[in-house]
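Participant: Got a structure here, written out as structure tokens. Questions coming.
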Amino acid sequence: QVQLVESGGGLVEPGGSLRLSCAASGSIFRINTMGWYRQATGKERELVASITSSGTPYYPDSVKDRFTISRGNAKNTVYLQMNSLKPDDTAVYYCHADFSSFRSWGQGIQVTVSS
């Protein structure tokens with residue numbers, strides 16, 4: 001069994017920054033891609049950023065040049081540095097980790113961008 005625990009969310013003013021962290025623990029063998037999705041109230045869950053085991057990142061246009069994803073040296077942690085935050089970035093952010101045959105999800109963490 002795999003557990004993903006997110007941290008670092010909260011309330012920030014527009015233009016501010018937050019850094020989300022996600023740590024995987026439990027029956028971990030090889031983690032492939034890790035990443036972040038978000039879901040705003042009344043909207044579908046959308047991909048925010050992902051990073052492969054070799055460190056190749058992917059960002060959709062909505063966050064490109066504002067968000068940076070990275071992985072820890074142990075490869076079982078993933079970080080999301082979010083800069084120039086906008087009210088539209090308000091959502092619950094979910095971490096995921098992909099294994100050979102399944103995807104594991106974190107419980108989600110709230111990010112609110114408001115003045």
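Here, A, B, ... name the chains of the structure tokens in the order displayed, residue numbers run from 1 inside each chain, and ligands are numbered from 1 in the same displayed order.
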Using only C-alpha atoms, which residues sit within 6 Å of stretch 79-82 of chain A once same-chain residues fewer than 5 positions away are excluded, as an NGL selection string?
Facilitator: :A and (17-21 or 67-70)
Participant: Store the residues picked out above in a file with C-alpha atoms, as a PDB file, in the first residue's frame.
Facilitator:
ATOM      1  CA  SER A  17       3.922  32.249  -4.082  1.00  0.00           C
ATOM      2  CA  LEU A  18       3.412  28.857  -2.484  1.00  0.00           C
ATOM      3  CA  ARG A  19       5.420  25.639  -2.529  1.00  0.00           C
ATOM      4  CA  LEU A  20       3.572  22.346  -2.360  1.00  0.00           C
ATOM      5  CA  SER A  21       5.279  19.145  -1.282  1.00  0.00           C
ATOM      6  CA  PHE A  67       4.889  26.908 -11.886  1.00  0.00           C
ATOM      7  CA  THR A  68       7.942  24.675 -11.515  1.00  0.00           C
ATOM      8  CA  ILE A  69       7.820  20.982 -10.672  1.00  0.00           C
ATOM      9  CA  SER A  70      10.771  19.065  -9.252  1.00  0.00           C
TER      10      SER A  70
END
Participant: Near A:Val63, counting only C-alpha atoms, which residues have an atom at most 10 Å away, once you skip same-chain residues fewer than 2 positions from it, shown as a PDB file with C-alpha atoms, in the first residue's frame?
Facilitator:
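Final output, saved to around21.pdb:
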ATOM      1  CA  LEU A  47      -3.363  18.459 -14.902  1.00  0.00           C
ATOM      2  CA  VAL A  48      -1.113  21.149 -13.459  1.00  0.00           C
ATOM      3  CA  ALA A  49       2.334  19.651 -13.920  1.00  0.00           C
ATOM      4  CA  TYR A  59       3.193  22.002 -17.975  1.00  0.00           C
ATOM      5  CA  PRO A  60      -0.051  23.056 -19.624  1.00  0.00           C
ATOM      6  CA  ASP A  61      -0.139  26.584 -21.006  1.00  0.00           C
ATOM      7  CA  ASP A  65       6.377  30.068 -16.777  1.00  0.00           C
ATOM      8  CA  ARG A  66       4.693  30.402 -13.367  1.00  0.00           C
ATOM      9  CA  PHE A  67       4.889  26.908 -11.886  1.00  0.00           C
ATOM     10  CA  THR A  68       7.942  24.675 -11.515  1.00  0.00           C
ATOM     11  CA  MET A  82       3.880  28.225  -7.684  1.00  0.00           C
ATOM     12  CA  ASN A  83       4.676  31.858  -8.422  1.00  0.00           C
ATOM     13  CA  SER A  84       2.589  34.793  -9.644  1.00  0.00           C
ATOM     14  CA  LEU A  85      -0.521  33.116  -8.313  1.00  0.00           C
ATOM     15  CA  ASP A  89      -5.402  29.042  -9.367  1.00  0.00           C
TER      16      ASP A  89
END
Participant: Name the residues of chain A that come out as strand (DSSP E or B) in a backbone DSSP run; write them as number ranges by chain.
Facilitator: A: 2-7, 10-12, 18-26, 34-39, 46-51, 57-58, 67-71, 77-82, 91-98, 103-105, 109-113
Participant: Which of these residues is nearest to A:Phe102, using only C-alpha atoms: A:Gln39, A:Ser7, A:Ser25, A:Asn32?
Facilitator: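 Under the stated criterion, the closest residue is A:Asn32.
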Participant: List the spatial neighbours of A:Val5 as an NGL selection string - criterion: any atom at most 7 Å away, only C-alpha atoms, same-chain residues fewer than 2 positions off excluded.
Facilitator: :A and (3 or 7 or 22-24 or 106)
Participant: In Å to one decimal, how far is atom CA of A:Thr52 from atom CA of A:Ile31?
Facilitator: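 According to the coordinates, atom CA of A:Ile31 and atom CA of A:Thr52 are separated by 9.0 Å.
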